[in-house]
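Note: the block below is data_1.txt and it holds compact mmCIF, C-alpha atoms.
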# COMPACT_ATOMS: atom_id res chain seq x y z
CA MET A 292 0.00 0.00 0.00
CA ASN A 293 1.32 3.41 -0.91
CA ILE A 294 0.72 5.50 2.15
CA VAL A 295 2.00 8.88 1.10
CA SER A 296 0.24 9.40 -2.20
CA PRO A 297 -3.38 10.56 -2.22
CA SER A 298 -6.08 7.97 -1.70
CA ALA A 299 -9.75 8.21 -2.56
CA ASP A 300 -10.87 9.98 0.60
CA THR A 301 -8.16 12.60 0.67
CA GLN A 302 -8.11 13.85 -2.88
CA GLY A 303 -7.44 17.50 -3.35
CA ILE A 304 -4.86 18.09 -0.63
CA ASP A 305 -1.20 18.12 -1.49
CA ALA A 306 0.98 15.17 -0.66
CA ASP A 307 2.87 16.94 2.15
CA ALA A 308 -0.30 17.92 3.96
CA GLN A 309 -1.75 14.49 3.47
CA ALA A 310 1.29 12.80 4.94
CA LEU A 311 1.18 15.10 7.97
CA PHE A 312 -2.56 14.49 8.29
CA ARG A 313 -2.06 10.73 8.42
CA TYR A 314 0.85 11.02 10.83
CA VAL A 315 -1.13 13.21 13.25
CA LEU A 316 -4.00 10.71 13.03
CA ARG A 317 -1.62 7.96 14.13
CA LEU A 318 -0.74 9.94 17.23
CA GLY A 319 -4.29 11.08 17.94
CA ASP A 320 -5.91 7.69 17.38
CA LEU A 321 -3.39 6.03 19.72
CA SER A 322 -4.48 8.35 22.53
CA LEU A 323 -8.16 8.22 21.61
CA VAL A 324 -8.48 4.44 21.50
CA LEU A 325 -6.43 3.90 24.65
CA GLY A 326 -8.43 6.57 26.46
CA GLN A 327 -11.66 4.86 25.44
CA ARG A 328 -10.31 1.49 26.59
CA LEU A 329 -9.26 2.82 29.98
CA GLY A 330 -12.67 4.44 30.37
CA GLU A 331 -14.16 0.94 30.44
CA TRP A 332 -12.66 0.56 33.93
CA VAL A 333 -14.81 3.30 35.41
CA GLY A 334 -16.98 1.68 38.04
CA HIS A 335 -15.10 -1.62 37.77
CA SER A 336 -11.66 -0.92 39.23
CA PRO A 337 -10.35 -2.95 42.15
CA ALA A 338 -10.54 0.10 44.42
CA LEU A 339 -12.25 3.48 44.33
CA GLU A 340 -8.84 5.15 44.27
CA GLU A 341 -7.77 3.19 41.17
CA ASP A 342 -11.07 4.01 39.50
CA LEU A 343 -10.18 7.68 39.69
CA GLY A 344 -6.54 7.05 38.83
CA LEU A 345 -7.40 5.22 35.61
CA ALA A 346 -10.14 7.71 34.74
CA ASN A 347 -7.69 10.58 35.14
CA ILE A 348 -5.28 8.92 32.74
CA ALA A 349 -8.12 8.22 30.31
CA LEU A 350 -9.15 11.88 30.41
CA ASP A 351 -5.57 13.04 29.81
CA LEU A 352 -5.44 10.77 26.75
CA ILE A 353 -8.78 12.01 25.43
CA GLY A 354 -7.47 15.54 25.92
CA GLN A 355 -4.39 14.73 23.84
CA ALA A 356 -6.60 13.16 21.20
CA ARG A 357 -8.73 16.31 21.02
CA LEU A 358 -5.70 18.51 20.40
CA LEU A 359 -4.28 16.13 17.82
CA LEU A 360 -7.50 15.41 15.94
CA THR A 361 -8.37 19.10 15.85
CA TYR A 362 -4.96 19.74 14.32
CA ALA A 363 -5.41 16.86 11.89
CA GLY A 364 -8.68 18.42 10.74
CA GLU A 365 -6.96 21.74 10.13
CA VAL A 366 -4.11 20.11 8.21
CA GLU A 367 -6.60 18.24 6.08
CA GLY A 368 -8.39 21.49 5.34
CA ARG A 369 -11.78 20.02 4.54
CA GLY A 370 -13.57 21.54 7.49
CA ARG A 371 -13.68 18.43 9.67
CA ALA A 372 -13.69 19.16 13.40
CA GLU A 373 -12.35 16.88 16.17
CA ASP A 374 -15.74 15.24 16.69
CA ASP A 375 -16.20 14.48 12.99
CA ILE A 376 -12.84 12.77 12.95
CA ALA A 377 -13.28 10.92 16.23
CA PHE A 378 -16.84 9.74 15.74
CA LEU A 379 -17.55 9.56 12.03
CA ARG A 380 -14.65 7.61 10.58
CA GLU A 381 -14.78 3.95 9.67
CA HIS A 382 -12.77 1.07 11.09
CA GLY A 383 -10.09 1.18 8.37
CA GLU A 384 -9.53 4.93 8.74
CA TYR A 385 -8.19 4.62 12.28
CA LEU A 386 -4.41 4.64 12.29
CA ASN A 387 -3.54 3.60 15.84
CA ALA A 388 -1.10 0.78 16.50
CA ILE A 389 -3.20 -2.18 17.53
CA LEU A 390 -1.58 -2.58 20.95
CA VAL A 391 -3.95 0.07 22.34
CA GLU A 392 -7.10 -1.69 21.16
CA GLN A 393 -6.25 -4.95 22.92
CA PRO A 394 -8.75 -5.88 25.65
CA ASN A 395 -8.27 -4.68 29.21
CA GLY A 396 -8.10 -8.23 30.57
CA ASP A 397 -7.52 -8.18 34.32
CA PHE A 398 -6.09 -5.17 36.12
CA GLY A 399 -2.59 -6.55 35.62
CA GLN A 400 -3.00 -6.80 31.86
CA THR A 401 -4.30 -3.24 31.71
CA ILE A 402 -1.25 -2.11 33.69
CA VAL A 403 1.16 -3.97 31.40
CA ARG A 404 -0.40 -2.38 28.29
CA GLN A 405 -0.28 0.98 30.01
CA VAL A 406 3.41 0.72 30.92
CA LEU A 407 4.31 -0.24 27.35
CA ILE A 408 2.40 2.71 25.89
CA ASP A 409 3.28 5.25 28.58
CA ALA A 410 6.99 4.60 28.08
CA TYR A 411 6.52 4.84 24.31
CA GLN A 412 4.62 8.13 24.51
CA LEU A 413 7.13 9.51 26.99
CA GLU A 414 10.13 8.84 24.75
CA LEU A 415 8.23 10.00 21.67
CA TYR A 416 6.84 13.23 23.11
CA GLU A 417 10.10 14.17 24.84
CA ARG A 418 11.76 14.19 21.43
CA MET A 419 8.80 15.73 19.65
CA THR A 420 9.04 18.87 21.78
CA ALA A 421 11.84 19.75 19.33
CA SER A 422 9.67 19.09 16.27
CA THR A 423 9.96 21.44 13.29
CA ASP A 424 6.15 21.46 13.37
CA GLU A 425 5.40 24.07 16.03
CA ARG A 426 1.93 22.80 16.74
CA LEU A 427 3.11 19.25 17.36
CA ALA A 428 5.99 20.57 19.48
CA ALA A 429 3.48 22.45 21.64
CA ILE A 430 1.14 19.48 21.97
CA ALA A 431 4.10 17.26 22.87
CA ALA A 432 5.30 19.74 25.50
CA LYS A 433 1.89 19.71 27.17
CA SER A 434 1.41 15.96 26.88
CA VAL A 435 4.82 14.91 28.11
CA LYS A 436 4.03 16.17 31.62
CA GLU A 437 0.87 14.09 31.70
CA VAL A 438 2.58 11.02 30.32
CA ARG A 439 5.37 11.25 32.87
CA TYR A 440 2.77 10.85 35.59
CA HIS A 441 1.02 8.05 33.71
CA LEU A 442 4.24 6.08 33.67
CA ARG A 443 4.88 6.78 37.34
CA TYR A 444 1.44 5.33 38.06
CA SER A 445 1.60 2.32 35.73
CA ALA A 446 5.23 1.40 36.41
CA GLY A 447 4.57 1.69 40.14
CA TRP A 448 1.80 -0.83 39.79
CA LEU A 449 3.79 -3.13 37.54
CA VAL A 450 6.57 -3.32 40.14
CA ARG A 451 4.04 -4.06 42.88
CA LEU A 452 2.37 -6.80 40.86
CA GLY A 453 5.52 -8.28 39.34
CA ASP A 454 7.39 -8.27 42.63
CA GLY A 455 4.23 -9.11 44.57
CA THR A 456 2.66 -12.48 45.21
CA GLU A 457 3.22 -15.62 43.16
CA GLU A 458 -0.16 -15.14 41.53
CA SER A 459 0.25 -11.46 40.69
CA HIS A 460 3.71 -12.17 39.27
CA ALA A 461 2.41 -15.00 37.09
CA ARG A 462 -0.49 -12.91 35.83
CA VAL A 463 1.53 -9.88 34.75
CA GLN A 464 4.26 -12.04 33.22
CA ALA A 465 1.55 -13.79 31.18
CA ALA A 466 0.06 -10.43 30.18
CA LEU A 467 3.50 -9.29 29.10
CA GLU A 468 3.88 -12.38 26.87
CA THR A 469 0.43 -11.68 25.38
CA LEU A 470 0.98 -8.01 24.67
CA TRP A 471 4.66 -7.87 23.83
CA PRO A 472 4.29 -8.97 20.20
CA TYR A 473 2.14 -5.89 19.53
CA THR A 474 4.90 -3.52 20.66
CA VAL A 475 6.92 -4.36 17.55
CA GLU A 476 4.51 -2.36 15.42
CA LEU A 477 5.16 0.80 17.43
CA PHE A 478 8.73 0.90 16.20
CA ALA A 479 8.42 -0.64 12.75
CA ASP A 480 8.90 2.50 10.69
CA ASP A 481 7.32 2.69 7.27
CA GLU A 482 7.58 5.29 4.55
CA LEU A 483 5.36 7.74 6.43
CA ASP A 484 7.41 7.50 9.64
CA ARG A 485 10.59 8.05 7.65
CA VAL A 486 9.20 11.04 5.76
CA MET A 487 8.18 12.64 9.05
CA ALA A 488 11.61 11.98 10.57
CA ASP A 489 13.36 13.38 7.47
CA ARG A 490 11.35 16.58 7.79
CA GLY A 491 12.16 16.83 11.50
CA VAL A 492 8.46 16.61 12.35
CA ALA A 493 8.91 13.40 14.33
CA PRO A 494 11.86 11.63 15.94
CA ARG A 495 13.43 8.56 14.33
CA LEU A 496 11.58 5.52 15.62
CA SER A 497 14.89 3.68 16.03
CA ASP A 498 15.97 6.36 18.55
CA VAL A 499 12.66 6.15 20.34
CA GLN A 500 12.92 2.37 20.46
CA ALA A 501 16.44 2.33 21.91
CA ALA A 502 15.41 4.67 24.73
CA TRP A 503 12.15 2.76 25.25
CA VAL A 504 13.91 -0.58 25.59
CA ARG A 505 16.31 0.87 28.18
CA ARG A 506 13.43 2.28 30.18
CA ILE A 507 11.31 -0.87 29.93
CA ASP A 508 14.26 -3.05 30.93
CA GLU A 509 14.76 -0.98 34.09
CA ILE A 510 11.11 -1.28 35.04
CA LEU A 511 10.96 -5.01 34.28
CA ALA A 512 14.11 -5.64 36.31
CA GLU A 513 12.58 -3.92 39.31
CA ALA A 514 9.35 -5.83 38.76
CA THR A 515 11.32 -9.12 38.49
CA LEU A 516 9.73 -9.76 35.09
CA LEU A 517 11.36 -11.17 31.98
CA ARG A 518 11.27 -9.31 28.67
CA PRO A 519 9.80 -11.55 25.96
CA LYS A 520 11.62 -11.91 22.66
CA ASP A 521 10.67 -9.79 19.66
CA ARG A 522 8.95 -11.76 16.95
CA PRO A 523 8.08 -10.79 13.39
CA HIS A 524 4.62 -9.32 13.22
CA SER A 525 1.93 -8.78 10.68
CA TRP A 526 -0.01 -5.98 12.36
CA HIS A 527 -0.60 -2.82 10.44
CA GLY A 528 -2.93 -0.79 12.61
CA LYS A 529 -0.88 2.26 11.65
CA ARG A 530 -2.12 1.70 8.09
CA GLY A 531 -5.70 1.03 9.12
CA GLN A 532 -5.64 -2.77 9.36
CA HIS A 533 -7.06 -3.58 12.77
CA SER A 534 -7.94 -6.47 15.02
CA GLU A 535 -11.60 -7.29 15.57
CA HIS A 536 -11.47 -5.46 18.89
CA LEU A 537 -11.50 -2.01 17.32
CA GLY A 538 -14.94 -2.61 15.81
CA TYR A 539 -16.47 -3.15 19.24
CA ILE A 540 -14.70 -0.10 20.64
CA LEU A 541 -15.99 2.08 17.82
CA ALA A 542 -19.50 0.67 18.09
CA GLU A 543 -19.66 1.84 21.68
CA MET A 544 -17.75 5.08 21.18
CA GLN A 545 -19.56 6.21 18.04
CA HIS A 546 -23.04 4.97 18.86
CA LEU A 547 -24.36 8.26 20.20
CA GLN A 548 -23.03 10.49 17.41
CA ARG A 549 -24.23 8.11 14.75
CA THR A 550 -27.68 7.68 16.26
CA TYR A 551 -28.14 11.35 17.07
CA PRO A 552 -25.89 13.22 14.64
CA GLY A 553 -24.59 16.47 16.09
CA ALA A 554 -25.79 15.64 19.62
CA ARG A 555 -24.20 17.86 22.27
CA TRP A 556 -24.09 17.83 26.06
CA MET B 59 -3.10 -8.09 63.32
CA GLU B 60 -4.07 -5.65 60.61
CA ASP B 61 -6.75 -6.64 58.10
CA ARG B 62 -4.78 -7.40 54.94
CA ARG B 63 -7.83 -7.36 52.69
CA GLN B 64 -8.20 -3.60 53.05
CA TRP B 65 -5.40 -1.13 52.38
CA PRO B 66 -4.54 1.04 55.39
CA LEU B 67 -6.06 4.48 55.68
CA TYR B 68 -4.05 7.67 55.10
CA GLU B 69 -4.94 11.26 55.96
CA VAL B 70 -4.23 13.76 53.21
CA PHE B 71 -2.98 17.33 53.63
CA ILE B 72 -2.73 19.73 50.71
CA ARG B 73 -0.88 23.03 50.43
CA ALA B 74 -2.98 25.19 48.11
CA ARG B 75 -0.14 27.55 47.21
CA GLY B 76 3.22 28.79 48.40
CA GLY B 77 3.11 30.46 51.81
CA LEU B 78 -0.02 28.68 53.01
CA ASP B 79 -0.17 25.77 55.43
CA HIS B 80 -1.01 22.23 54.45
CA LYS B 81 -4.69 21.70 55.21
CA HIS B 82 -6.42 18.43 55.94
CA VAL B 83 -8.65 17.58 52.96
CA GLY B 84 -9.72 14.00 53.57
CA SER B 85 -8.51 10.44 53.66
CA LEU B 86 -7.95 7.51 51.32
CA HIS B 87 -6.80 3.91 51.21
CA ALA B 88 -3.38 2.95 49.86
CA ALA B 89 -0.93 0.09 50.22
CA ASP B 90 1.93 2.40 51.20
CA ALA B 91 2.98 6.04 51.33
CA ARG B 92 4.01 6.28 47.70
CA MET B 93 0.68 4.94 46.52
CA ALA B 94 -1.05 7.28 48.95
CA ILE B 95 0.67 10.25 47.28
CA ASP B 96 -0.47 9.02 43.84
CA HIS B 97 -4.01 8.50 45.05
CA ALA B 98 -4.07 11.87 46.79
CA ARG B 99 -2.92 13.49 43.57
CA ASP B 100 -5.69 11.75 41.64
CA LEU B 101 -8.42 12.28 44.23
CA TYR B 102 -7.70 15.68 45.72
CA THR B 103 -5.76 17.76 43.20
CA ARG B 104 -7.85 17.15 40.06
CA ARG B 105 -9.06 20.74 40.07
CA GLN B 106 -5.77 22.48 40.80
CA GLU B 107 -6.33 22.37 44.54
CA GLY B 108 -2.70 22.22 45.45
CA ILE B 109 1.02 22.30 44.87
CA SER B 110 2.18 20.02 47.67
CA ILE B 111 0.82 16.89 49.31
CA TRP B 112 1.47 15.30 52.69
CA VAL B 113 0.10 11.90 53.59
CA VAL B 114 0.10 10.46 57.10
CA PRO B 115 -1.01 6.97 58.16
CA SER B 116 -4.27 7.53 60.02
CA ARG B 117 -3.18 5.11 62.74
CA ASP B 118 -0.26 7.41 63.58
CA ILE B 119 -2.58 10.28 64.45
CA THR B 120 -3.44 10.65 68.10
CA ALA B 121 -6.72 12.46 68.62
CA SER B 122 -8.17 14.18 71.65
CA ASP B 123 -11.00 12.35 73.36
CA PRO B 124 -14.44 13.86 72.60
CA ALA B 125 -15.48 12.92 76.14
CA GLU B 126 -12.88 15.32 77.46
CA THR B 127 -14.06 18.27 75.37
CA ASP B 128 -15.31 20.15 78.41
CA SER B 129 -12.17 19.86 80.46
CA LEU B 130 -9.87 20.50 77.50
CA PHE B 131 -11.58 23.44 75.81
CA GLU B 132 -14.18 24.93 78.14
CA PRO B 133 -11.65 26.70 80.43
CA ALA B 134 -10.46 28.92 77.54
CA ARG B 135 -13.86 30.40 76.88
CA ASP B 136 -13.89 33.08 79.57
CA LYS B 137 -10.29 34.25 79.04
CA ILE B 138 -10.79 36.81 76.33
CA TYR B 139 -7.72 38.70 77.48
CA ARG B 140 -5.69 36.06 75.67
CA HIS B 141 -6.88 37.40 72.33
CA PRO B 142 -4.59 40.07 70.91
CA THR B 143 -7.52 42.43 70.37
CA PHE B 144 -5.84 45.35 72.15
CA TYR B 145 -3.19 45.91 69.53
CA GLU B 146 -3.64 48.45 66.78
CA ILE B 147 -2.68 46.85 63.51
CA PRO B 148 -1.06 49.14 60.91
CA ASP B 149 -2.90 49.28 57.60
CA GLU B 150 0.15 48.02 55.73
CA VAL B 151 -0.08 44.66 57.48
CA LYS B 152 -2.46 42.65 55.34
CA THR B 153 -2.22 39.04 56.32
CA LEU B 154 -1.97 38.95 60.09
Is it possible to express this structure as structure tokens?
Amino acid sequence: MNIVSPSADTQGIDADAQALFRYVLRLGDLSLVLGQRLGEWVGHSPALEEDLGLANIALDLIGQARLLLTYAGEVEGRGRAEDDIAFLREHGEYLNAILVEQPNGDFGQTIVRQVLIDAYQLELYERMTASTDERLAAIAAKSVKEVRYHLRYSAGWLVRLGDGTEESHARVQAALETLWPYTVELFADDELDRVMADRGVAPRLSDVQAAWVRRIDEILAEATLLRPKDRPHSWHGKRGQHSEHLGYILAEMQHLQRTYPGARW
Amino acid sequence: MEDRRQWPLYEVFIRARGGLDHKHVGSLHAADARMAIDHARDLYTRRQEGISIWVVPSRDITASDPAETDSLFEPARDKIYRHPTFYEIPDEVKTL
């Protein structure tokens, strides 16, 4: 699939703008889908305090998604607002890596997914504060403070669970084995990632990955967990090819806007 | 023996801004002090309530006995001369 040249739904904007549009969607959709997933915990967390902790993180992520999707709409230049982009796109138009759409599982699995993404967003946003795209640099500067706390929260829990009881250790190690294969996609750069890095809009994914692995290794060591081996993958969520899970997420997330178009609070 | 099924209780104190005291704002459950700080941040500073958090295990707080209220506090009631109401405060002093 050629990801930089115009496709049917984005005719009429120049190739540079279209590439930026798709790249910003990747960032925004990652936050949006993960925020929606975390929101599923509200009312179901193991403790009232965790309910609020996870909801706070979810709201931070939705906030990031709003900034990013608003920007994506402006780059696209077809008059789409954040809500149009969030609620009125189809399955294949979402460009998030599929790690974030994986089910919550138990609390431990949610925490493992969160650590993997928090560390990724932290390394990515820290570097993106120096982006040649001023808007992305500003969004990254705001988001990096939030993400730093997210990682403090999630890594704190991973250490507790990994270095906890026999059962908690076994559960989070199993969750790590389940989710690890999906992390490969985060760092598998394609033409779009390379174009963005060449323009100085985004950091090189190989740099992000090296820093991410160092950080993850430190956390896993403290949590007495073993890092699974990387395996070849065939996920292409970043190009719009998703697991079945995204359909259910969108059904719930988009239901209101599709049933009552333009509904407001 | 402490009940292990429930996390211990912590009291939370928040400093709203520089120069003010930490004020008691409530309590929460947490496995240890670090988690209590995280929870306090999530529960009590969501609306910019503070810039500093203290947490104290509730069991470490010693409270006065409500049954002794009369003997502890009643004697102060008729000693108004202890209030510094006889000083004239200069206008420039704002926050006394």
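The residues of chain A lying at most 7 Å from chain B, with all atoms listed in the file taken into account, are Glu340, Leu343, Gly344 and Asn347 of chain A.
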What lies within 9 Å of segment 490-494 of chain A using only C-alpha atoms, ignoring chain neighbours under 6 positions off, as a PDB file with C-alpha atoms, in the frame of the given file?
ATOM      1  CA  LEU A 311       1.180  15.100   7.970  1.00  0.00           C
ATOM      2  CA  LEU A 415       8.230  10.000  21.670  1.00  0.00           C
ATOM      3  CA  TYR A 416       6.840  13.230  23.110  1.00  0.00           C
ATOM      4  CA  ARG A 418      11.760  14.190  21.430  1.00  0.00           C
ATOM      5  CA  MET A 419       8.800  15.730  19.650  1.00  0.00           C
ATOM      6  CA  ALA A 421      11.840  19.750  19.330  1.00  0.00           C
ATOM      7  CA  SER A 422       9.670  19.090  16.270  1.00  0.00           C
ATOM      8  CA  THR A 423       9.960  21.440  13.290  1.00  0.00           C
ATOM      9  CA  ASP A 424       6.150  21.460  13.370  1.00  0.00           C
ATOM     10  CA  GLU A 425       5.400  24.070  16.030  1.00  0.00           C
ATOM     11  CA  LEU A 427       3.110  19.250  17.360  1.00  0.00           C
ATOM     12  CA  ALA A 428       5.990  20.570  19.480  1.00  0.00           C
ATOM     13  CA  ASP A 484       7.410   7.500   9.640  1.00  0.00           C
TER      14      ASP A 484
END
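Each of B:Gln106, B:Thr143, B:Thr127, B:Ser116 was checked against Gly84 of chain B using only C-alpha atoms; the smallest atom-to-atom distance is that of B:Ser116.
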> Can you list, as a list in words, every protein, DNA or RNA residue that comes within 7 Å of segment 468-477 of chain A when you count only C-alpha atoms, leaving out same-chain residues fewer than 2 positions away?
Replying inline: Ala388, Ile389, Leu390, Arg404, Gln464, Ala465, Ala466, Ala479, Pro519, Asp521, Arg522, His524 and Trp526 of chain A
> Could you pull the residues within 10 Å of segment 544-552 of chain A, counting all atoms listed in the file, minus those fewer than 2 positions along the same chain, as a list in words?
Replying inline: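 Listed by chain and then number, they are Val324, Gln327, Arg328, Asp374, Asp375, Ala377, Phe378, Leu379, Arg380, Glu381, Gly538, Tyr539, Ile540, Leu541, Ala542, Ala554 and Arg555 of chain A.
Here atom CA of Glu341 of chain A stands at a distance of 27.8 Å from atom CA of Asp79 of chain B.
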>> One decimal, in Å: what's the spacing between atom CA of Asp409 of chain A and atom CA of Ala446 of chain A?
In response: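 Going from atom CA of Asp409 of chain A over to atom CA of Ala446 of chain A covers 8.9 Å.
Taking all atoms listed in the file, the non-local environment of Trp112 of chain B within 10 Å (same-chain residues fewer than 6 positions away omitted) comprises Tyr68, Glu69, Val70, Phe71, Ile72, Arg73, His80, Lys81, His82, Ala91, Ala94, Ile95 and Ala98 of chain B.
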Coordinates of box centre and edge lengths for segment 89-106 of chain B, 4 Å on every side, axis-aligned, as lines of an AutoDock Vina configuration file:
center_x = -2.5
center_y = 11.3
center_z = 45.7
size_x = 21.1
size_y = 30.4
size_z = 19.3
> Do you have the atom CA of Leu413 of chain A-atom CA of Lys436 of chain A distance handy?
Replying inline: 8.7 Å
>> When you count all atoms listed in the file, which of these residues is closest to Gly326 of chain A: A:Ala410, A:Ala306, A:Asn395, A:Arg506?
In response: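 Using all atoms listed in the file, the shortest distance to Gly326 of chain A belongs to A:Asn395.
Remark: for Ile348 of chain A, the closest of the candidate residues A:His335, A:Arg443, A:Gly453, A:Ala514 is A:Arg443 (distances computed over all atoms listed in the file).
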N, CA and C atoms for segment 112-126 of chain B, written as a short mmCIF file (atom, residue, chain, number, x, y, z; two decimals), keeping the file's coordinate frame, could you do that?
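The resulting file, selection-v1.cif, is reproduced below:
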data_model
loop_
_atom_site.label_atom_id
_atom_site.label_comp_id
_atom_site.auth_asym_id
_atom_site.auth_seq_id
_atom_site.Cartn_x
_atom_site.Cartn_y
_atom_site.Cartn_z
N TRP B 112 0.95 16.15 51.61
CA TRP B 112 1.47 15.30 52.69
C TRP B 112 0.48 14.18 52.91
N VAL B 113 0.98 12.99 53.16
CA VAL B 113 0.10 11.90 53.59
C VAL B 113 0.65 11.33 54.90
N VAL B 114 -0.27 10.99 55.79
CA VAL B 114 0.10 10.46 57.10
C VAL B 114 -0.77 9.25 57.39
N PRO B 115 -0.16 8.12 57.80
CA PRO B 115 -1.01 6.97 58.16
C PRO B 115 -1.98 7.38 59.26
N SER B 116 -3.26 7.10 59.04
CA SER B 116 -4.27 7.53 60.02
C SER B 116 -3.99 6.95 61.40
N ARG B 117 -3.41 5.74 61.44
CA ARG B 117 -3.18 5.11 62.74
C ARG B 117 -2.12 5.84 63.54
N ASP B 118 -1.30 6.67 62.87
CA ASP B 118 -0.26 7.41 63.58
C ASP B 118 -0.76 8.73 64.15
N ILE B 119 -2.03 9.04 63.91
CA ILE B 119 -2.58 10.28 64.45
C ILE B 119 -3.23 9.99 65.79
N THR B 120 -2.82 10.77 66.78
CA THR B 120 -3.44 10.65 68.10
C THR B 120 -4.45 11.78 68.24
N ALA B 121 -5.67 11.44 68.54
CA ALA B 121 -6.72 12.46 68.62
C ALA B 121 -7.13 12.69 70.06
N SER B 122 -7.63 13.89 70.32
CA SER B 122 -8.17 14.18 71.65
C SER B 122 -9.48 13.41 71.83
N ASP B 123 -9.81 13.14 73.05
CA ASP B 123 -11.00 12.35 73.36
C ASP B 123 -12.23 13.26 73.41
N PRO B 124 -13.24 13.01 72.58
CA PRO B 124 -14.44 13.86 72.60
C PRO B 124 -15.07 13.94 73.99
N ALA B 125 -14.90 12.91 74.79
CA ALA B 125 -15.48 12.92 76.14
C ALA B 125 -14.81 13.95 77.03
N GLU B 126 -13.60 14.35 76.63
CA GLU B 126 -12.88 15.32 77.46
C GLU B 126 -13.01 16.75 76.94
#
